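S.K.: Pasting input15.cif here (mmCIF, C-alpha atoms):
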```cif
data_protein
loop_
_atom_site.label_atom_id
_atom_site.label_comp_id
_atom_site.auth_asym_id
_atom_site.auth_seq_id
_atom_site.Cartn_x
_atom_site.Cartn_y
_atom_site.Cartn_z
CA MET A 312 -31.56 -34.36 -20.49
CA LEU A 313 -35.00 -34.10 -22.08
CA LEU A 314 -36.17 -30.91 -20.34
CA PRO A 315 -33.25 -28.70 -21.51
CA SER A 316 -33.74 -29.99 -25.05
CA LEU A 317 -37.45 -29.20 -24.95
CA SER A 318 -36.73 -25.75 -23.56
CA ALA A 319 -34.23 -25.01 -26.32
CA ALA A 320 -36.66 -26.24 -28.97
CA LYS A 321 -39.44 -24.06 -27.56
CA SER A 322 -37.14 -21.03 -27.54
CA LYS A 323 -36.16 -21.60 -31.19
CA ALA A 324 -39.82 -22.01 -32.16
CA GLN A 325 -40.71 -18.74 -30.47
CA ILE A 326 -37.93 -16.92 -32.33
CA ILE A 327 -39.21 -18.25 -35.65
CA ILE A 328 -42.83 -17.34 -34.89
CA CYS A 329 -41.85 -13.89 -33.70
CA LEU A 330 -39.65 -13.25 -36.75
CA ASN A 331 -42.49 -14.30 -39.03
CA ASN A 332 -44.91 -12.03 -37.16
CA ASN A 333 -42.60 -9.04 -37.57
CA LYS A 334 -42.08 -9.83 -41.26
CA GLN A 335 -45.85 -9.97 -41.76
CA LEU A 336 -46.17 -6.57 -40.11
CA SER A 337 -43.47 -5.23 -42.40
CA LEU A 338 -45.37 -6.63 -45.39
CA ALA A 339 -48.57 -4.95 -44.14
CA TRP A 340 -46.66 -1.70 -43.75
CA ASN A 341 -45.42 -1.93 -47.35
CA MET A 342 -48.90 -2.80 -48.63
CA PHE A 343 -50.33 0.28 -46.95
CA ALA A 344 -47.76 2.48 -48.68
CA THR A 345 -48.50 0.85 -52.04
CA ASP A 346 -52.21 1.59 -51.64
CA ASN A 347 -51.58 5.17 -50.48
CA ASN A 348 -49.35 6.65 -53.15
CA ASP A 349 -46.10 5.69 -51.38
CA THR A 350 -47.12 7.45 -48.14
CA LEU A 351 -46.08 5.61 -44.97
CA THR A 352 -48.42 5.01 -42.06
CA GLY A 353 -48.63 7.54 -39.28
CA ASN A 354 -46.55 6.95 -36.17
CA LEU A 355 -48.15 8.97 -33.39
CA ASP A 356 -47.09 9.04 -29.76
CA GLY A 357 -48.29 10.09 -26.33
CA GLY A 358 -51.95 10.89 -25.80
CA ASN A 359 -52.56 10.78 -29.54
CA VAL A 360 -52.69 6.97 -29.46
CA SER A 361 -55.53 7.07 -26.93
CA ASP A 362 -57.70 9.24 -29.20
CA LEU A 363 -59.95 6.94 -31.24
CA SER A 364 -60.42 9.67 -33.84
CA ASN A 365 -56.77 9.07 -34.84
CA SER A 366 -57.49 5.56 -36.15
CA ASN A 367 -56.83 6.77 -39.71
CA SER A 368 -53.71 8.69 -38.70
CA THR A 369 -51.43 6.10 -37.11
CA TRP A 370 -50.39 2.46 -37.48
CA CYS A 371 -51.76 1.42 -34.08
CA LEU A 372 -53.77 2.82 -31.21
CA GLY A 373 -53.56 2.07 -27.48
CA TRP A 374 -51.28 3.10 -24.61
CA LEU A 375 -49.79 0.10 -22.81
CA ASP A 376 -48.96 0.21 -19.12
CA TYR A 377 -49.52 -1.79 -15.94
CA SER A 378 -52.70 0.05 -14.90
CA GLY A 379 -55.12 -2.61 -16.03
CA ASP A 380 -56.68 -0.13 -18.43
CA ALA A 381 -58.67 -1.75 -21.24
CA ALA A 382 -56.25 -0.44 -23.87
CA ASN A 383 -53.75 -3.09 -22.74
CA THR A 384 -56.04 -5.91 -23.86
CA ASN A 385 -58.19 -4.35 -26.60
CA LYS A 386 -57.32 -5.95 -29.93
CA ASP A 387 -59.76 -3.65 -31.74
CA LEU A 388 -57.37 -0.75 -31.13
CA LEU A 389 -54.88 -2.57 -33.33
CA MET A 390 -57.24 -3.81 -36.00
CA ASN A 391 -59.09 -0.50 -36.42
CA ALA A 392 -55.92 1.53 -37.00
CA GLN A 393 -54.15 2.00 -40.34
CA LEU A 394 -52.42 -1.39 -40.53
CA GLY A 395 -55.30 -3.47 -39.22
CA LYS A 396 -56.86 -4.56 -42.51
CA TYR A 397 -53.42 -5.34 -43.95
CA ALA A 398 -52.19 -7.23 -40.89
CA GLY A 399 -55.25 -9.47 -40.91
CA SER A 400 -54.78 -10.82 -37.39
CA PRO A 401 -54.03 -9.17 -34.02
CA GLY A 402 -51.80 -12.12 -33.17
CA ILE A 403 -48.90 -10.85 -35.25
CA TYR A 404 -48.51 -7.82 -32.97
CA LYS A 405 -47.51 -10.08 -30.06
CA CYS A 406 -44.33 -12.06 -29.45
CA PRO A 407 -45.11 -15.56 -28.10
CA ALA A 408 -42.34 -15.13 -25.51
CA ASP A 409 -43.85 -11.90 -24.15
CA ARG A 410 -45.64 -12.82 -20.91
CA SER A 411 -46.54 -9.27 -19.87
CA ARG A 412 -49.92 -8.67 -18.25
CA SER A 413 -52.10 -5.63 -17.90
CA LYS A 414 -51.49 -5.39 -14.15
CA GLY A 415 -47.85 -6.41 -14.05
CA LYS A 416 -47.81 -9.94 -12.72
CA THR A 417 -51.60 -10.27 -12.89
CA GLY A 418 -54.43 -9.34 -15.20
CA LEU A 419 -54.97 -10.35 -18.81
CA PRO A 420 -52.13 -10.64 -21.34
CA ARG A 421 -51.29 -7.43 -23.16
CA VAL A 422 -51.95 -7.36 -26.90
CA ARG A 423 -48.80 -5.80 -28.35
CA SER A 424 -45.04 -6.44 -28.11
CA VAL A 425 -43.82 -4.37 -31.04
CA SER A 426 -43.14 -0.72 -31.76
CA MET A 427 -42.19 1.15 -34.92
CA ASN A 428 -38.99 3.00 -35.75
CA GLY A 429 -39.71 6.56 -34.61
CA TYR A 430 -38.08 8.02 -37.72
CA LEU A 431 -40.57 6.36 -40.06
CA GLY A 432 -44.03 7.69 -40.80
CA GLU A 433 -46.07 10.85 -40.53
CA ARG A 434 -45.00 12.88 -37.52
CA ALA A 435 -44.50 16.56 -36.83
CA SER A 436 -40.74 16.18 -36.31
CA PRO A 437 -38.03 13.59 -35.59
CA PHE A 438 -36.96 12.88 -32.01
CA THR A 439 -33.41 14.10 -32.72
CA PRO A 440 -33.54 17.36 -34.68
CA GLY A 441 -31.67 17.34 -37.97
CA TYR A 442 -32.30 13.66 -38.68
CA ARG A 443 -34.45 12.35 -41.48
CA GLN A 444 -38.11 11.64 -40.78
CA PHE A 445 -39.04 9.27 -43.61
CA LYS A 446 -42.63 9.85 -44.72
CA ARG A 447 -42.62 8.04 -48.08
CA SER A 448 -41.26 4.59 -48.83
CA GLY A 449 -39.36 5.97 -51.82
CA ASP A 450 -37.34 8.18 -49.47
CA ILE A 451 -35.67 5.11 -47.96
CA SER A 452 -32.56 4.62 -50.07
CA ASN A 453 -31.53 1.30 -48.49
CA PRO A 454 -34.65 -0.68 -47.47
CA SER A 455 -32.58 -3.68 -46.37
CA GLY A 456 -30.73 -1.46 -43.90
CA ALA A 457 -33.71 0.36 -42.38
CA TRP A 458 -35.58 -1.37 -39.57
CA VAL A 459 -39.33 -0.85 -39.24
CA PHE A 460 -40.61 -2.96 -36.32
CA VAL A 461 -38.90 -4.10 -33.13
CA GLU A 462 -39.91 -5.97 -30.02
CA GLU A 463 -39.88 -3.55 -27.11
CA ARG A 464 -39.50 -4.54 -23.45
CA GLU A 465 -42.68 -4.82 -21.42
CA ASP A 466 -41.30 -2.25 -18.94
CA SER A 467 -40.49 0.24 -21.72
CA ILE A 468 -43.33 -0.10 -24.23
CA ASN A 469 -46.29 2.30 -24.12
CA ASP A 470 -47.28 3.99 -27.40
CA GLY A 471 -46.25 2.55 -30.78
CA TRP A 472 -43.27 4.87 -31.27
CA PHE A 473 -39.79 3.49 -30.52
CA ILE A 474 -37.34 6.30 -29.70
CA VAL A 475 -33.69 6.16 -30.72
CA ASP A 476 -31.53 9.09 -29.66
CA MET A 477 -29.36 9.83 -32.71
CA GLY A 478 -27.41 12.67 -31.10
CA SER A 479 -24.19 10.65 -30.88
CA TYR A 480 -24.39 9.16 -34.39
CA ASP A 481 -23.08 11.75 -36.87
CA PRO A 482 -20.45 12.81 -36.07
CA GLN A 483 -19.90 9.62 -34.14
CA LYS A 484 -19.51 10.21 -30.41
CA PRO A 485 -20.01 6.83 -28.74
CA ASP A 486 -19.26 8.24 -25.30
CA GLY A 487 -22.51 10.20 -25.67
CA HIS A 488 -24.81 7.22 -26.38
CA LYS A 489 -28.19 7.12 -24.63
CA ILE A 490 -30.95 4.52 -24.53
CA VAL A 491 -34.42 6.05 -24.53
CA SER A 492 -36.74 3.17 -25.53
CA TYR A 493 -35.44 -0.30 -24.60
CA PRO A 494 -35.56 -3.19 -27.08
CA ALA A 495 -36.75 -6.51 -25.75
CA SER A 496 -34.58 -9.50 -24.91
CA TYR A 497 -37.23 -12.21 -24.91
CA HIS A 498 -35.10 -14.61 -26.94
CA VAL A 499 -32.15 -15.36 -24.63
CA LYS A 500 -30.86 -11.77 -24.57
CA ALA A 501 -31.84 -11.30 -28.21
CA CYS A 502 -34.49 -9.35 -30.07
CA ASN A 503 -36.24 -9.51 -33.44
CA PHE A 504 -36.37 -6.70 -35.99
CA SER A 505 -38.09 -6.44 -39.36
CA PHE A 506 -36.82 -4.22 -42.14
CA ALA A 507 -38.29 -2.08 -44.91
CA ASP A 508 -37.47 -4.68 -47.58
CA GLY A 509 -39.45 -7.29 -45.62
CA HIS A 510 -36.63 -9.36 -44.13
CA GLY A 511 -36.19 -10.04 -40.43
CA GLU A 512 -33.16 -10.27 -38.16
CA ASN A 513 -32.55 -11.66 -34.69
CA ARG A 514 -30.07 -9.48 -32.80
CA LYS A 515 -28.16 -10.76 -29.78
CA TRP A 516 -27.39 -7.97 -27.30
CA THR A 517 -23.78 -7.76 -26.18
CA ASP A 518 -23.96 -5.04 -23.52
CA PRO A 519 -25.81 -5.81 -20.25
CA ARG A 520 -27.04 -2.20 -20.10
CA THR A 521 -29.25 -2.95 -23.12
CA SER A 522 -31.10 -5.69 -21.22
CA PRO A 523 -31.27 -4.69 -17.53
CA PRO A 524 -33.11 -6.99 -15.10
CA LEU A 525 -36.89 -7.03 -15.41
CA GLU A 526 -39.12 -6.19 -12.45
CA SER A 527 -42.60 -6.89 -13.74
CA GLY A 528 -45.03 -4.10 -12.97
CA VAL A 529 -42.30 -1.46 -12.65
CA TYR A 530 -41.32 0.68 -15.61
CA LEU A 531 -37.70 1.35 -16.48
CA LYS A 532 -36.35 4.85 -16.26
CA LEU A 533 -35.94 5.80 -19.90
CA GLY A 534 -33.34 8.06 -21.48
CA GLN A 535 -30.34 6.55 -19.71
CA ASP A 536 -26.70 7.32 -20.56
CA SER A 537 -25.02 4.28 -22.09
CA PRO A 538 -21.57 5.38 -23.27
CA ASN A 539 -19.69 3.14 -25.73
CA ASN A 540 -22.57 0.68 -25.95
CA LYS A 541 -22.08 -1.33 -29.16
CA ASP A 542 -25.76 -2.24 -29.21
CA VAL A 543 -26.64 1.44 -29.52
CA ASP A 544 -24.19 1.66 -32.45
CA TRP A 545 -25.98 -1.20 -34.20
CA ILE A 546 -29.45 0.29 -33.75
CA GLN A 547 -28.45 3.82 -34.76
CA GLN A 548 -26.85 2.58 -37.99
CA ARG A 549 -30.20 1.16 -39.07
CA THR A 550 -32.53 3.90 -37.82
CA SER A 551 -31.98 7.17 -39.71
CA HIS A 552 -29.33 9.58 -40.95
CA ARG A 553 -28.81 13.33 -41.04
CA GLU A 554 -31.20 15.34 -43.17
CA SER A 555 -28.27 17.18 -44.74
CA GLY A 556 -24.49 17.01 -44.52
CA ALA A 557 -24.55 13.35 -43.58
CA THR A 558 -21.19 11.62 -43.32
CA ARG A 559 -22.72 8.28 -42.22
CA LEU A 560 -25.42 6.68 -44.36
CA TRP A 561 -27.08 3.29 -44.46
#
```
Please lay out the structure from this file as structure tokens.
M.R.:
Amino acid sequence: MLLPSLSAAKSKAQIIICLNNNKQLSLAWNMFATDNNDTLTGNLDGGNVSDLSNSNSTWCLGWLDYSGDAANTNKDLLMNAQLGKYAGSPGIYKCPADRSRSKGKTGLPRVRSVSMNGYLGERASPFTPGYRQFKRSGDISNPSGAWVFVEEREDSINDGWFIVDMGSYDPQKPDGHKIVSYPASYHVKACNFSFADGHGENRKWTDPRTSPPLESGVYLKLGQDSPNNKDVDWIQQRTSHRESGATRLW
């Protein structure tokens, strides 16, 4: 009887720690904007996060994968980017339940579990054309309804940009839902988010397609069709809205 109780207590403790970490990151994100005339951090993707000269242009550096490359374990890539001095500690970038390693099942632990909402921050354009790319904190009309950081699965995470396909959001076409980046399910099929107002939420996934089986060391195929997935509904509603002519707002 004791072991299940200890396991449940450990799981609850990890959820609390992870939520607090995400809330601290959200606070750091807000502090950066306050110190920079309301401008949000950059949110670069792809090869841009491997270019050290971009340390003043994005919230974090480093491409995560299973190659064993040093970027997987280099905490300086976090602390030397835009949020580093506000975050204070590299530990808040990592969920305690994330056991991913730089070589899949072997190697050193990876340093980051979280990614940022791809529709927040300085970028050339949003992933889904026609949707709002928020570049200033004052542009966010409902901070309590806009998520900033999310835990991303170890077999989905790479750069710091979490992609949500908004193409089925407005007008609402749930049969057209897709999952591009996959949120984590480290907390018994649940995941932690932090929001622009600083609060955190633990979201339990209801559709098994949101949390497919993990094969450590093998990346998921991203951009999968997921029609009528209620989890996609929930994420979209808190991600962005149309730049103009919106019929669905936060």
S.K.: Using all atoms listed in the file, which of A:Gly471, A:Gly357, A:Gly432, A:Pro524 sits nearest A:Leu389?
M.R.: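 With all atoms listed in the file as the atom set, the closest residue is A:Gly471.
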S.K.: Counting all atoms listed in the file, I want the residues whose atoms come within 9 Å of (-26.7, 7.9, -34.4) in the file frame, returned as a compact mmCIF listing (two decimals) with C-alpha atoms, in the coordinates of the input.
M.R.:
```txt
# COMPACT_ATOMS: atom_id res chain seq x y z
CA VAL A 475 -33.69 6.16 -30.72
CA ASP A 476 -31.53 9.09 -29.66
CA MET A 477 -29.36 9.83 -32.71
CA GLY A 478 -27.41 12.67 -31.10
CA SER A 479 -24.19 10.65 -30.88
CA TYR A 480 -24.39 9.16 -34.39
CA ASP A 481 -23.08 11.75 -36.87
CA PRO A 482 -20.45 12.81 -36.07
CA GLN A 483 -19.90 9.62 -34.14
CA LYS A 484 -19.51 10.21 -30.41
CA PRO A 485 -20.01 6.83 -28.74
CA HIS A 488 -24.81 7.22 -26.38
CA VAL A 543 -26.64 1.44 -29.52
CA ASP A 544 -24.19 1.66 -32.45
CA ILE A 546 -29.45 0.29 -33.75
CA GLN A 547 -28.45 3.82 -34.76
CA GLN A 548 -26.85 2.58 -37.99
CA ARG A 549 -30.20 1.16 -39.07
CA THR A 550 -32.53 3.90 -37.82
CA SER A 551 -31.98 7.17 -39.71
CA HIS A 552 -29.33 9.58 -40.95
CA ARG A 553 -28.81 13.33 -41.04
CA ARG A 559 -22.72 8.28 -42.22
```
S.K.: Evaluate the PyMOL selection byres ((chain A and resi 356) around 7) against this structure - the residues, as an NGL selection string, please.
M.R.: :A and (354-355 or 357-360 or 470-472)
S.K.: Using Å and a single decimal, report how far atom CA of A:Leu330 sits from atom CA of A:Leu560.
M.R.: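 Those two atoms sit 25.6 Å apart.
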S.K.: Could you expand the PyMOL selection byres ((chain A and resi 329) around 10) into the explicit residues it covers here, written as a ChimeraX atom specification?
M.R.: /A:323-328,330-335,403-409,424,462,498,502-504,511,513
S.K.: Those same residues, written as a PDB file, in the frame of the given file with C-alpha atoms?
M.R.:
```pdb
ATOM      1  CA  LYS A 323     -36.160 -21.600 -31.190  1.00  0.00           C
ATOM      2  CA  ALA A 324     -39.820 -22.010 -32.160  1.00  0.00           C
ATOM      3  CA  GLN A 325     -40.710 -18.740 -30.470  1.00  0.00           C
ATOM      4  CA  ILE A 326     -37.930 -16.920 -32.330  1.00  0.00           C
ATOM      5  CA  ILE A 327     -39.210 -18.250 -35.650  1.00  0.00           C
ATOM      6  CA  ILE A 328     -42.830 -17.340 -34.890  1.00  0.00           C
ATOM      7  CA  LEU A 330     -39.650 -13.250 -36.750  1.00  0.00           C
ATOM      8  CA  ASN A 331     -42.490 -14.300 -39.030  1.00  0.00           C
ATOM      9  CA  ASN A 332     -44.910 -12.030 -37.160  1.00  0.00           C
ATOM     10  CA  ASN A 333     -42.600  -9.040 -37.570  1.00  0.00           C
ATOM     11  CA  LYS A 334     -42.080  -9.830 -41.260  1.00  0.00           C
ATOM     12  CA  GLN A 335     -45.850  -9.970 -41.760  1.00  0.00           C
ATOM     13  CA  ILE A 403     -48.900 -10.850 -35.250  1.00  0.00           C
ATOM     14  CA  TYR A 404     -48.510  -7.820 -32.970  1.00  0.00           C
ATOM     15  CA  LYS A 405     -47.510 -10.080 -30.060  1.00  0.00           C
ATOM     16  CA  CYS A 406     -44.330 -12.060 -29.450  1.00  0.00           C
ATOM     17  CA  PRO A 407     -45.110 -15.560 -28.100  1.00  0.00           C
ATOM     18  CA  ALA A 408     -42.340 -15.130 -25.510  1.00  0.00           C
ATOM     19  CA  ASP A 409     -43.850 -11.900 -24.150  1.00  0.00           C
ATOM     20  CA  SER A 424     -45.040  -6.440 -28.110  1.00  0.00           C
ATOM     21  CA  GLU A 462     -39.910  -5.970 -30.020  1.00  0.00           C
ATOM     22  CA  HIS A 498     -35.100 -14.610 -26.940  1.00  0.00           C
ATOM     23  CA  CYS A 502     -34.490  -9.350 -30.070  1.00  0.00           C
ATOM     24  CA  ASN A 503     -36.240  -9.510 -33.440  1.00  0.00           C
ATOM     25  CA  PHE A 504     -36.370  -6.700 -35.990  1.00  0.00           C
ATOM     26  CA  GLY A 511     -36.190 -10.040 -40.430  1.00  0.00           C
ATOM     27  CA  ASN A 513     -32.550 -11.660 -34.690  1.00  0.00           C
TER      28      ASN A 513
END
```
S.K.: Fewer than 6 positions away in the same chain doesn't count, so skip those; otherwise give me all residues within 9 Å of stretch 391-402 of chain A, counting all atoms listed in the file, as a list in words.
M.R.: Asn332, Gln335, Leu336, Leu338, Ala339, Trp340, Met342, Phe343, Thr352, Gly353, Leu363, Asn365, Ser366, Asn367, Ser368, Thr369, Trp370, Cys371, Leu372, Val422 and Arg423 of chain A
S.K.: Pull the neighbourhood of (-43.2, 6.8, -50.5) for me: all residues within 9 Å in file coordinates, counting all atoms listed in the file, as a PyMOL selection string.
M.R.: chain A and resi 344-345+347-351+445-451
S.K.: Can you list, as a list in words, the residues that the PyMOL selection byres ((chain A and resi 489) around 8) selects here?
M.R.: Asp476, Gly487, His488, Ile490, Val491, Gly534, Gln535, Asp536, Ser537, Pro538 and Val543 of chain A
S.K.: From the options A:Ser452, A:Ser527, A:Gln444, A:Ser522, which residue's atoms come nearest to A:Glu554, counting only C-alpha atoms?
M.R.: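 Looking only at the distances to A:Glu554, the closest residue turns out to be A:Gln444.
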S.K.: Between A:Asn539, A:Thr439, A:Ser411, A:Ser364, single out the one closest to A:Glu526, counting all atoms listed in the file.
M.R.: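 With all atoms listed in the file as the atom set, the closest residue is A:Ser411.
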S.K.: Can you work out the spacing between atom CA of A:Asp542 and atom CA of A:Phe473 in Å, to one decimal?
M.R.: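 Computed distance, atom CA of A:Asp542 to atom CA of A:Phe473, equals 15.2 Å.
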S.K.: Need the shell around stretch 381-384 of chain A: protein/DNA/RNA residues with any atom at most 9 Å away, counting only C-alpha atoms. Skip same-chain ones fewer than 5 positions apart. Format as JSON, numbers by chain?
M.R.: {"A": [361, 372, 373, 374, 375, 376, 412, 413, 419, 420, 421, 422, 423]}
S.K.: Return the single residue from A:Thr521, A:Trp545, A:Ile474, A:Val461 that is closest to A:Phe438, with distances computed using only C-alpha atoms.
M.R.: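 Result for the nearest residue to A:Phe438: A:Ile474.
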S.K.: For a test of reading the model, state the distance in Å between atom CA of A:Phe460 and atom CA of A:Ala507, rounded to one decimal.
M.R.: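 Separating atom CA of A:Phe460 from atom CA of A:Ala507 is a distance of 8.9 Å.
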S.K.: Select, from A:Arg520, A:Ala557, A:Asp508, A:Tyr377, the residue with the minimum atom-to-atom distance to A:Thr417, counting all atoms listed in the file.
M.R.: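 Of the candidates, the smallest distance to A:Thr417 is held by A:Tyr377.
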S.K.: Between A:Trp458, A:Tyr493, A:Tyr530, A:Tyr430, which one has atoms that come closest to A:Phe506, using all atoms listed in the file?
M.R.: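 Under the stated criterion, the closest residue is A:Trp458.
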S.K.: Please complete stretch 508-533 of chain A with N, CA and C atoms and give it back as a CSV table (one decimal), in the frame of the given file.
M.R.:
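File produced: result.csv:
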```
chain,number,residue,atom,x,y,z
A,508,ASP,N,-37.4,-3.8,-46.4
A,508,ASP,CA,-37.5,-4.7,-47.6
A,508,ASP,C,-38.2,-6.0,-47.3
A,509,GLY,N,-38.7,-6.1,-46.0
A,509,GLY,CA,-39.4,-7.3,-45.6
A,509,GLY,C,-38.7,-8.4,-44.9
A,510,HIS,N,-37.4,-8.3,-44.8
A,510,HIS,CA,-36.6,-9.4,-44.1
A,510,HIS,C,-36.6,-9.1,-42.6
A,511,GLY,N,-36.3,-10.1,-41.9
A,511,GLY,CA,-36.2,-10.0,-40.4
A,511,GLY,C,-34.8,-10.4,-39.9
A,512,GLU,N,-34.4,-9.9,-38.8
A,512,GLU,CA,-33.2,-10.3,-38.2
A,512,GLU,C,-33.3,-10.5,-36.7
A,513,ASN,N,-32.6,-11.4,-36.1
A,513,ASN,CA,-32.6,-11.7,-34.7
A,513,ASN,C,-31.2,-11.1,-34.2
A,514,ARG,N,-31.3,-10.1,-33.3
A,514,ARG,CA,-30.1,-9.5,-32.8
A,514,ARG,C,-29.8,-9.9,-31.4
A,515,LYS,N,-28.6,-10.4,-31.1
A,515,LYS,CA,-28.2,-10.8,-29.8
A,515,LYS,C,-27.5,-9.6,-29.1
A,516,TRP,N,-28.0,-9.1,-28.0
A,516,TRP,CA,-27.4,-8.0,-27.3
A,516,TRP,C,-26.1,-8.4,-26.6
A,517,THR,N,-25.1,-7.5,-26.7
A,517,THR,CA,-23.8,-7.8,-26.2
A,517,THR,C,-23.5,-7.0,-24.9
A,518,ASP,N,-24.2,-5.9,-24.7
A,518,ASP,CA,-24.0,-5.0,-23.5
A,518,ASP,C,-25.1,-5.2,-22.5
A,519,PRO,N,-24.8,-5.6,-21.3
A,519,PRO,CA,-25.8,-5.8,-20.2
A,519,PRO,C,-26.7,-4.6,-20.0
A,520,ARG,N,-26.2,-3.4,-20.3
A,520,ARG,CA,-27.0,-2.2,-20.1
A,520,ARG,C,-28.2,-2.1,-21.1
A,521,THR,N,-28.1,-2.9,-22.2
A,521,THR,CA,-29.2,-3.0,-23.1
A,521,THR,C,-30.4,-3.8,-22.6
A,522,SER,N,-30.1,-4.8,-21.7
A,522,SER,CA,-31.1,-5.7,-21.2
A,522,SER,C,-31.0,-5.8,-19.7
A,523,PRO,N,-31.3,-4.7,-19.0
A,523,PRO,CA,-31.3,-4.7,-17.5
A,523,PRO,C,-32.3,-5.7,-17.0
A,524,PRO,N,-32.2,-6.1,-15.7
A,524,PRO,CA,-33.1,-7.0,-15.1
A,524,PRO,C,-34.5,-6.5,-15.1
A,525,LEU,N,-35.5,-7.4,-15.3
A,525,LEU,CA,-36.9,-7.0,-15.4
A,525,LEU,C,-37.5,-7.2,-14.0
A,526,GLU,N,-38.3,-6.1,-13.6
A,526,GLU,CA,-39.1,-6.2,-12.4
A,526,GLU,C,-40.5,-5.9,-12.9
A,527,SER,N,-41.3,-7.0,-13.2
A,527,SER,CA,-42.6,-6.9,-13.7
A,527,SER,C,-43.5,-6.0,-12.9
A,528,GLY,N,-44.2,-5.1,-13.6
A,528,GLY,CA,-45.0,-4.1,-13.0
A,528,GLY,C,-44.4,-2.8,-12.7
A,529,VAL,N,-43.1,-2.7,-12.9
A,529,VAL,CA,-42.3,-1.5,-12.6
A,529,VAL,C,-41.6,-1.0,-13.9
A,530,TYR,N,-41.9,0.2,-14.4
A,530,TYR,CA,-41.3,0.7,-15.6
A,530,TYR,C,-39.9,1.1,-15.4
A,531,LEU,N,-39.1,0.9,-16.5
A,531,LEU,CA,-37.7,1.4,-16.5
A,531,LEU,C,-37.7,2.9,-16.5
A,532,LYS,N,-36.6,3.4,-16.0
A,532,LYS,CA,-36.4,4.8,-16.3
A,532,LYS,C,-35.7,5.0,-17.6
A,533,LEU,N,-36.4,5.7,-18.5
A,533,LEU,CA,-35.9,5.8,-19.9
A,533,LEU,C,-35.0,7.0,-20.1
```
